[in-house]
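Student: target.cif is reproduced in full below (mmCIF, C-alpha atoms).
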```
data_data
loop_
_atom_site.label_atom_id
_atom_site.label_comp_id
_atom_site.auth_asym_id
_atom_site.auth_seq_id
_atom_site.Cartn_x
_atom_site.Cartn_y
_atom_site.Cartn_z
CA ARG A 1 221.17 -26.22 144.49
CA CYS A 2 221.25 -26.14 140.68
CA PRO A 3 223.00 -29.29 139.38
CA ASP A 4 224.67 -27.41 136.50
CA CYS A 5 225.94 -24.36 138.40
CA SER A 6 227.46 -23.37 141.73
CA VAL A 7 224.83 -20.74 142.65
CA SER A 8 222.18 -21.76 145.16
CA THR A 9 218.49 -21.25 144.47
CA GLU A 10 218.29 -19.03 147.60
CA ALA A 11 220.97 -16.72 146.16
CA MET A 12 219.17 -16.62 142.81
CA ALA A 13 215.92 -15.67 144.57
CA SER A 14 217.75 -12.96 146.50
CA VAL A 15 219.23 -11.53 143.32
CA ALA A 16 215.80 -11.57 141.68
CA PHE A 17 214.27 -9.76 144.68
CA ASN A 18 216.99 -7.12 144.70
CA MET A 19 216.52 -6.43 141.00
CA SER A 20 212.77 -6.04 141.40
CA ALA A 21 213.32 -3.72 144.38
CA ARG A 22 215.71 -1.55 142.38
CA ALA A 23 213.18 -1.43 139.57
CA ALA A 24 210.48 -0.37 142.02
CA VAL A 25 212.67 2.37 143.46
CA GLY A 26 213.58 3.51 139.97
CA GLY A 27 209.92 3.56 139.03
CA ALA A 28 209.12 5.62 142.11
CA GLN A 29 211.84 8.07 141.18
CA LEU A 30 210.50 8.31 137.67
CA LYS A 31 207.00 8.90 138.98
CA LEU A 32 208.32 11.57 141.36
CA SER A 33 210.21 13.33 138.60
CA ALA A 34 207.11 13.18 136.42
CA GLN A 35 205.08 14.72 139.23
CA ARG A 36 207.66 17.49 139.58
CA LYS A 37 207.44 18.17 135.86
CA ARG A 38 203.67 18.27 136.06
CA VAL A 39 203.85 20.75 138.93
CA ALA A 40 206.30 22.93 137.03
CA ARG A 41 204.00 22.96 134.00
CA ALA A 42 200.83 23.70 135.95
CA PRO A 43 198.62 26.36 134.34
CA LEU A 44 198.94 29.91 135.58
CA ARG A 45 196.46 30.81 138.28
CA VAL A 46 194.46 33.96 137.74
CA ASP A 47 192.25 36.13 139.91
CA ALA A 48 189.63 38.68 138.96
CA LEU A 49 190.34 41.92 140.81
CA ALA A 50 188.33 45.13 140.61
CA ALA A 51 189.90 48.51 141.31
CA GLN A 52 188.32 51.94 141.63
CA VAL A 53 190.07 54.54 139.46
CA SER A 54 189.55 58.28 139.57
CA LYS A 55 187.76 59.71 136.52
CA VAL A 56 188.06 63.28 135.24
CA SER A 57 186.49 65.26 132.44
CA PHE A 58 188.52 66.71 129.58
CA ASP A 59 188.93 70.03 131.40
CA GLY A 60 190.23 68.27 134.54
CA ALA A 61 187.08 68.43 136.69
CA SER A 62 186.39 65.37 138.83
CA ALA A 63 183.75 63.06 137.34
CA GLY A 64 183.59 60.36 140.02
CA THR A 65 185.26 57.00 139.72
CA ALA A 66 185.52 54.19 137.17
CA THR A 67 186.00 50.47 137.71
CA LEU A 68 188.86 48.40 136.32
CA ASP A 69 187.86 44.74 136.48
CA VAL A 70 190.36 42.36 134.86
CA LYS A 71 191.94 38.99 135.49
CA VAL A 72 195.47 39.13 136.87
CA ALA A 73 198.10 36.56 137.77
CA LYS A 74 198.74 35.40 141.31
CA PRO A 75 201.28 37.48 143.24
CA ASP A 76 203.83 34.65 143.30
CA VAL A 77 204.00 34.44 139.49
CA ALA A 78 202.91 37.93 138.41
CA LYS A 79 206.34 39.56 138.48
CA GLY A 80 208.04 36.79 136.54
CA LEU A 81 205.23 36.64 133.99
CA VAL A 82 205.28 40.37 133.26
CA HIS A 83 209.09 40.34 133.12
CA LYS A 84 209.00 37.51 130.60
CA TYR A 85 206.60 39.50 128.41
CA VAL A 86 208.70 42.67 128.62
CA VAL A 87 211.82 40.74 127.62
CA MET A 88 209.96 39.27 124.65
CA VAL A 89 208.69 42.67 123.49
CA ARG A 90 212.07 44.36 123.81
CA GLN A 91 213.99 41.50 122.22
CA ASN A 92 211.59 41.20 119.30
CA ALA A 93 212.12 44.89 118.61
CA ARG A 94 215.76 44.21 117.74
CA ARG A 95 216.39 44.42 114.01
CA GLY A 96 219.38 42.08 114.13
CA THR A 97 221.11 43.78 111.19
CA ALA A 98 224.47 44.49 112.86
CA SER A 99 227.24 43.03 110.71
CA THR A 100 231.03 43.16 110.66
CA LEU A 101 233.65 41.84 108.23
CA THR A 102 235.94 39.00 109.16
CA LYS A 103 239.54 38.68 108.04
CA SER A 104 238.51 36.84 104.88
CA GLU A 105 235.80 39.40 104.01
CA VAL A 106 237.85 42.60 104.33
CA ARG A 107 239.06 44.00 101.00
CA GLY A 108 242.80 43.49 100.36
CA GLY A 109 245.37 41.57 102.32
CA GLY A 110 246.07 38.97 99.66
CA ARG A 111 249.83 39.64 99.44
CA LYS A 112 252.28 38.80 102.19
CA PRO A 113 253.34 42.23 103.55
CA PHE A 114 257.02 41.33 103.99
CA LYS A 115 259.24 38.30 103.85
CA GLN A 116 259.07 35.71 106.57
CA LYS A 117 262.60 36.14 107.97
CA GLY A 118 265.26 38.78 108.25
CA THR A 119 263.20 41.90 108.93
CA GLY A 120 263.05 41.66 112.71
CA ASN A 121 259.28 41.95 112.64
CA ALA A 122 256.85 39.35 113.80
CA ARG A 123 255.92 37.10 110.92
CA ALA A 124 252.74 38.14 109.12
CA GLY A 125 250.82 36.68 106.21
CA SER A 126 248.30 39.47 105.66
CA ASN A 127 247.92 43.16 106.45
CA ARG A 128 244.20 42.56 107.12
CA THR A 129 244.82 40.59 110.28
CA PRO A 130 242.48 41.51 113.17
CA LEU A 131 245.57 42.66 115.07
CA LYS A 132 246.06 45.65 112.75
CA PRO A 133 243.96 48.73 111.93
CA GLY A 134 241.80 48.08 108.89
CA GLY A 135 241.80 44.38 109.53
CA GLY A 136 238.90 42.04 110.15
CA VAL A 137 236.87 41.74 113.33
CA ILE A 138 237.21 38.72 115.59
CA PHE A 139 233.85 37.20 116.61
CA GLY A 140 231.98 40.33 115.51
CA PRO A 141 228.19 40.47 115.15
CA LYS A 142 226.43 39.02 112.13
CA PRO A 143 222.78 39.38 111.05
CA LYS A 144 220.65 37.36 113.44
CA ASP A 145 216.99 36.75 114.21
CA TRP A 146 216.51 37.66 117.89
CA SER A 147 212.77 37.00 118.02
CA ILE A 148 211.34 34.77 120.75
CA LYS A 149 207.81 33.54 121.37
CA MET A 150 205.38 33.49 124.28
CA ASN A 151 201.98 31.87 124.62
CA LYS A 152 199.06 34.12 123.65
CA LYS A 153 197.16 33.74 126.92
CA GLU A 154 200.34 34.35 128.88
CA ARG A 155 200.87 37.60 126.98
CA ARG A 156 197.31 38.71 127.63
CA LEU A 157 197.52 37.82 131.31
CA ALA A 158 200.78 39.75 131.62
CA MET A 159 199.21 42.79 129.96
CA ALA A 160 196.17 42.70 132.26
CA THR A 161 198.47 42.36 135.27
CA ALA A 162 200.55 45.35 134.16
CA ILE A 163 197.45 47.53 133.74
CA GLN A 164 196.18 46.42 137.14
CA SER A 165 199.54 47.30 138.71
CA ALA A 166 199.24 50.83 137.32
CA ALA A 167 195.80 51.15 138.93
CA ALA A 168 197.12 49.79 142.24
CA ALA A 169 199.91 52.38 142.20
CA SER A 170 197.40 55.22 141.62
CA SER A 171 199.05 55.87 138.25
CA LEU A 172 195.91 55.20 136.19
CA ILE A 173 193.72 58.13 135.15
CA VAL A 174 190.42 57.78 133.29
CA VAL A 175 189.25 60.61 131.03
CA ASP A 176 185.62 60.60 129.93
CA SER A 177 186.33 61.61 126.31
CA LEU A 178 189.05 63.01 124.07
CA THR A 179 186.84 63.96 121.15
CA GLY A 180 187.20 67.69 121.85
CA THR A 181 190.96 67.71 121.51
CA ALA A 182 192.38 70.48 119.34
CA PRO A 183 195.26 69.51 117.02
CA LYS A 184 197.79 71.53 119.01
CA THR A 185 200.60 70.35 121.24
CA LYS A 186 200.08 73.19 123.72
CA ALA A 187 196.41 72.28 124.18
CA MET A 188 197.29 68.66 124.94
CA ALA A 189 200.05 69.71 127.35
CA ASN A 190 197.57 71.87 129.27
CA ALA A 191 195.06 69.01 129.29
CA LEU A 192 197.64 66.59 130.70
CA LYS A 193 198.43 69.02 133.51
CA SER A 194 194.74 69.33 134.37
CA TRP A 195 194.45 65.53 134.47
CA GLY A 196 197.25 65.23 137.02
CA VAL A 197 200.27 64.55 134.81
CA ALA A 198 203.05 66.74 136.15
CA GLU A 199 205.58 68.44 133.89
CA GLY A 200 208.44 66.08 133.09
CA GLU A 201 206.41 62.92 133.80
CA LYS A 202 206.03 60.26 131.13
CA ALA A 203 202.45 59.61 130.06
CA TYR A 204 200.90 56.74 128.12
CA ILE A 205 197.55 57.67 126.55
CA ILE A 206 195.28 54.76 125.61
CA THR A 207 192.37 55.61 123.32
CA LYS A 208 189.72 53.77 121.32
CA ASP A 209 188.96 54.96 117.80
CA ALA A 210 190.28 58.40 118.69
CA PRO A 211 190.10 61.23 116.14
CA GLU A 212 193.21 62.24 114.24
CA ASN A 213 193.52 65.39 116.34
CA VAL A 214 194.65 63.30 119.32
CA THR A 215 197.53 61.85 117.30
CA LEU A 216 198.47 65.23 115.87
CA SER A 217 198.54 66.88 119.30
CA THR A 218 200.72 64.21 120.94
CA ARG A 219 203.18 63.13 118.24
CA ASN A 220 205.58 66.02 118.99
CA MET A 221 205.68 65.41 122.77
CA ALA A 222 208.84 63.59 123.80
CA ARG A 223 207.45 62.10 127.01
CA VAL A 224 203.98 61.20 125.75
CA VAL A 225 203.04 58.02 123.87
CA GLN A 226 199.56 57.68 122.42
CA THR A 227 198.19 54.39 121.12
CA ASP A 228 194.92 52.69 120.28
CA ILE A 229 193.57 50.00 122.58
CA THR A 230 194.30 47.35 119.94
CA HIS A 231 198.04 48.16 119.95
CA LEU A 232 198.96 48.10 123.62
CA ASN A 233 202.61 47.77 124.60
CA VAL A 234 203.44 46.35 128.01
CA TYR A 235 206.76 48.21 128.12
CA ASP A 236 205.03 51.54 127.61
CA VAL A 237 202.53 50.73 130.36
CA LEU A 238 205.30 49.99 132.86
CA ASN A 239 207.58 52.79 131.68
CA ALA A 240 204.97 55.54 132.05
CA ASP A 241 204.58 57.59 135.21
CA LYS A 242 200.89 58.06 134.44
CA VAL A 243 198.63 55.91 132.27
CA VAL A 244 195.72 57.95 130.84
CA VAL A 245 192.84 55.80 129.59
CA GLU A 246 189.82 57.03 127.68
CA GLU A 247 186.56 55.79 129.21
CA SER A 248 185.57 53.89 126.08
CA ALA A 249 189.00 52.21 126.07
CA LEU A 250 188.56 51.24 129.73
CA GLN A 251 185.26 49.59 128.87
CA TYR A 252 187.02 47.64 126.13
CA ILE A 253 189.72 46.54 128.59
CA ASN A 254 187.09 45.32 131.06
CA ASP A 255 185.22 43.44 128.35
CA PHE A 256 188.32 41.86 126.82
CA TYR A 257 190.43 41.10 129.92
CA GLY A 258 187.55 40.55 132.36
CA GLU A 259 186.45 37.34 134.05
CA SER A 260 184.63 36.03 130.96
CA GLY A 261 186.35 38.20 128.37
CA ALA A 262 187.38 37.22 124.88
CA ALA A 263 191.05 37.13 125.94
CA TRP A 264 190.53 33.78 127.68
CA ALA A 265 188.33 32.16 125.04
#
```
What is this file in structure tokens?
Tutor:
Amino acid sequence: RCPDCSVSTEAMASVAFNMSARAAVGGAQLKLSAQRKRVARAPLRVDALAAQVSKVSFDGASAGTATLDVKVAKPDVAKGLVHKYVVMVRQNARRGTASTLTKSEVRGGGRKPFKQKGTGNARAGSNRTPLKPGGGVIFGPKPKDWSIKMNKKERRLAMATAIQSAAAASSLIVVDSLTGTAPKTKAMANALKSWGVAEGEKAYIITKDAPENVTLSTRNMARVVQTDITHLNVYDVLNADKVVVEESALQYINDFYGESGAAWA
């Protein structure tokens, strides 16, 4: 027993042991939470999947098959990853210029419309109150930056996964070349029909260094979007009923999004 206090040495040892035990348990909890965080931040797993896609000539004749060989996300994270990319693309397209005037910004309303008492009306200090026509707007929109960010390799993996999903759904068509396209909308419409794009279906045409005639023949078609391989849009890939890819563009996709492509460097 301590001569200067009423607490026994056994009790002091017990208190010391309990404190160290609590610290150990707390440390274990911290380690567990750290492990959970590490698991949540684990890198995305990718697989290299090859798909055989039907290939046609410009006039619609069968020309065999082509191979789409890109890295894609695992099935358990693919949907969420692509959805995250689509949300980013659509949200970044917002201009954020919507603006309304508040009560203090609306012109007029500086004079009290009528005296405080004796009129029978509810008291009012301004005729530009949000409760009246011509008044300000309560909690209205103001100019805002809606842009969000996403990691570069995540974006590329989401794009490769979206293209692979189109091939898996038999919505991907490979055309050997578009160099013979005439600058006429009717000619392109007939070509799309011969490639398997039905009337009324939305088509997304992906080209590589295509001539100007391709752009001229598709720009007046409401359900057709044409773009170069360097300006892919994941929303357009998913929104299209048929994705038409030029053979040279497919080769670029395989080289860039493949197992050892530049997308993962």
Student: Asn92 of chain A: which residues within 8 Å, counting all atoms listed in the file, same-chain residues fewer than 2 positions away excluded, as a PDB file with C-alpha atoms, in the coordinates of the input?
Tutor:
```pdb
ATOM      1  CA  MET A  88     209.960  39.270 124.650  1.00  0.00           C
ATOM      2  CA  VAL A  89     208.690  42.670 123.490  1.00  0.00           C
ATOM      3  CA  ARG A  90     212.070  44.360 123.810  1.00  0.00           C
ATOM      4  CA  ARG A  94     215.760  44.210 117.740  1.00  0.00           C
ATOM      5  CA  ARG A  95     216.390  44.420 114.010  1.00  0.00           C
ATOM      6  CA  TRP A 146     216.510  37.660 117.890  1.00  0.00           C
ATOM      7  CA  SER A 147     212.770  37.000 118.020  1.00  0.00           C
ATOM      8  CA  ILE A 148     211.340  34.770 120.750  1.00  0.00           C
TER       9      ILE A 148
END
```
Student: What does the distance between atom CA of Val175 of chain A and atom CA of Val72 of chain A come to in Å, to one decimal place?
Tutor: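 Going from atom CA of Val175 of chain A over to atom CA of Val72 of chain A, I get 23.1 Å.
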Student: Which residue out of A:Gly118, A:Lys152, A:Asn220, A:Pro75 has the minimum interatomic distance to Thr185 of chain A when only C-alpha atoms are used?
Tutor: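 Ranking A:Gly118, A:Lys152, A:Asn220, A:Pro75 by distance to Thr185 of chain A, first place goes to A:Asn220.
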Student: Applying 10 Å and only C-alpha atoms, which residues near Ala265 of chain A remain after dropping the ones on its own chain fewer than 3 positions away? List them as a PDB file with C-alpha atoms, in the coordinates of the input.
Tutor:
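Writing done, so here's out-v8.pdb:
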```
ATOM      1  CA  LYS A 153     197.160  33.740 126.920  1.00  0.00           C
ATOM      2  CA  PHE A 256     188.320  41.860 126.820  1.00  0.00           C
ATOM      3  CA  SER A 260     184.630  36.030 130.960  1.00  0.00           C
ATOM      4  CA  GLY A 261     186.350  38.200 128.370  1.00  0.00           C
ATOM      5  CA  ALA A 262     187.380  37.220 124.880  1.00  0.00           C
TER       6      ALA A 262
END
```
Student: Go through the shown structure with the PyMOL selection byres ((chain A and resi 52) around 6) and write out the matching residues as a compact mmCIF listing (two decimals) with C-alpha atoms, in the frame of the given file.
Tutor:
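Done, and the output landed in expr-v6.txt:
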```
# COMPACT_ATOMS: atom_id res chain seq x y z
CA ALA A 51 189.90 48.51 141.31
CA VAL A 53 190.07 54.54 139.46
CA ALA A 66 185.52 54.19 137.17
CA THR A 67 186.00 50.47 137.71
```
Student: Of the residues A:Ile229, A:Leu68, A:Val244, A:Ile206, which is the one nearest to Leu192 of chain A, using all atoms listed in the file?
Tutor: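 Of the candidates, the smallest distance to Leu192 of chain A is held by A:Val244.
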Student: Kindly resolve the PyMOL selection byres ((chain A and resi 107) around 12) on the present coordinates and return the residues as an MDAnalysis selection string.
Tutor: chainID A and resid 101:106 108:111 126:129 134:136
Student: Starting from the point (186.5, 60.8, 139.9), work out which residues of protein, DNA or RNA have an atom no more than 7 Å away when counting only C-alpha atoms; state them as a PDB file with C-alpha atoms, in the coordinates of the input.
Tutor:
```pdb
ATOM      1  CA  SER A  54     189.550  58.280 139.570  1.00  0.00           C
ATOM      2  CA  LYS A  55     187.760  59.710 136.520  1.00  0.00           C
ATOM      3  CA  VAL A  56     188.060  63.280 135.240  1.00  0.00           C
ATOM      4  CA  SER A  62     186.390  65.370 138.830  1.00  0.00           C
ATOM      5  CA  ALA A  63     183.750  63.060 137.340  1.00  0.00           C
ATOM      6  CA  GLY A  64     183.590  60.360 140.020  1.00  0.00           C
ATOM      7  CA  THR A  65     185.260  57.000 139.720  1.00  0.00           C
TER       8      THR A  65
END
```
Student: With distances taken over only C-alpha atoms, which of A:Ala61, A:Met150, A:Leu131, A:Ile138 is nearest to Gln91 of chain A?
Tutor: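 The shortest atom-to-atom distance to Gln91 of chain A comes from A:Met150.
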Student: Fix up segment 154-165 of chain A with all heavy atoms, then write it as a compact mmCIF listing (two decimals), in the frame of the given file.
Tutor:
```txt
# COMPACT_ATOMS: atom_id res chain seq x y z
N GLU A 154 199.35 33.81 127.95
CA GLU A 154 200.34 34.35 128.88
C GLU A 154 200.58 35.83 128.61
O GLU A 154 200.67 36.64 129.54
CB GLU A 154 201.66 33.57 128.76
CG GLU A 154 201.69 32.24 129.46
CD GLU A 154 203.06 31.62 129.43
OE1 GLU A 154 203.72 31.67 128.37
OE2 GLU A 154 203.50 31.07 130.45
N ARG A 155 200.67 36.19 127.33
CA ARG A 155 200.87 37.60 126.98
C ARG A 155 199.69 38.44 127.45
O ARG A 155 199.87 39.54 128.01
CB ARG A 155 201.05 37.75 125.46
CG ARG A 155 202.24 37.04 124.88
CD ARG A 155 202.56 37.55 123.49
NE ARG A 155 201.42 37.47 122.60
CZ ARG A 155 201.17 36.44 121.78
NH1 ARG A 155 202.00 35.40 121.77
NH2 ARG A 155 200.13 36.45 120.98
N ARG A 156 198.50 37.95 127.23
CA ARG A 156 197.31 38.71 127.63
C ARG A 156 197.21 38.82 129.15
O ARG A 156 196.83 39.88 129.68
CB ARG A 156 196.06 38.03 127.06
CG ARG A 156 195.98 38.12 125.54
CD ARG A 156 194.81 37.35 124.99
NE ARG A 156 194.66 37.56 123.55
CZ ARG A 156 193.74 36.96 122.80
NH1 ARG A 156 192.90 36.10 123.36
NH2 ARG A 156 193.68 37.21 121.51
N LEU A 157 197.55 37.76 129.85
CA LEU A 157 197.52 37.82 131.31
C LEU A 157 198.56 38.79 131.84
O LEU A 157 198.32 39.52 132.81
CB LEU A 157 197.74 36.42 131.88
CG LEU A 157 197.63 36.27 133.41
CD1 LEU A 157 196.23 36.66 133.88
CD2 LEU A 157 197.96 34.86 133.84
N ALA A 158 199.73 38.81 131.22
CA ALA A 158 200.78 39.75 131.62
C ALA A 158 200.34 41.18 131.38
O ALA A 158 200.60 42.08 132.20
CB ALA A 158 202.08 39.44 130.88
N MET A 159 199.69 41.44 130.26
CA MET A 159 199.21 42.79 129.96
C MET A 159 198.16 43.23 130.97
O MET A 159 198.21 44.37 131.49
CB MET A 159 198.64 42.83 128.55
CG MET A 159 198.06 44.18 128.15
SD MET A 159 199.27 45.51 128.18
CE MET A 159 200.23 45.07 126.73
N ALA A 160 197.20 42.36 131.27
CA ALA A 160 196.17 42.70 132.26
C ALA A 160 196.79 42.95 133.63
O ALA A 160 196.38 43.87 134.35
CB ALA A 160 195.14 41.58 132.34
N THR A 161 197.79 42.17 133.99
CA THR A 161 198.47 42.36 135.27
C THR A 161 199.21 43.69 135.31
O THR A 161 199.21 44.38 136.33
CB THR A 161 199.44 41.20 135.53
OG1 THR A 161 198.73 39.96 135.45
CG2 THR A 161 200.09 41.31 136.90
N ALA A 162 199.83 44.08 134.21
CA ALA A 162 200.55 45.35 134.16
C ALA A 162 199.59 46.53 134.30
O ALA A 162 199.87 47.50 135.00
CB ALA A 162 201.34 45.46 132.85
N ILE A 163 198.44 46.45 133.63
CA ILE A 163 197.45 47.53 133.74
C ILE A 163 196.91 47.60 135.17
O ILE A 163 196.72 48.69 135.73
CB ILE A 163 196.32 47.30 132.73
CG1 ILE A 163 196.86 47.39 131.29
CG2 ILE A 163 195.21 48.33 132.92
CD1 ILE A 163 195.84 47.04 130.23
N GLN A 164 196.67 46.44 135.76
CA GLN A 164 196.18 46.42 137.14
C GLN A 164 197.20 47.01 138.11
O GLN A 164 196.85 47.69 139.07
CB GLN A 164 195.84 44.98 137.55
CG GLN A 164 195.36 44.81 138.98
CD GLN A 164 193.97 45.35 139.19
OE1 GLN A 164 193.19 45.42 138.25
NE2 GLN A 164 193.64 45.74 140.40
N SER A 165 198.49 46.76 137.85
CA SER A 165 199.54 47.30 138.71
C SER A 165 199.58 48.82 138.64
O SER A 165 199.85 49.50 139.63
CB SER A 165 200.90 46.72 138.34
OG SER A 165 201.32 47.18 137.06
```
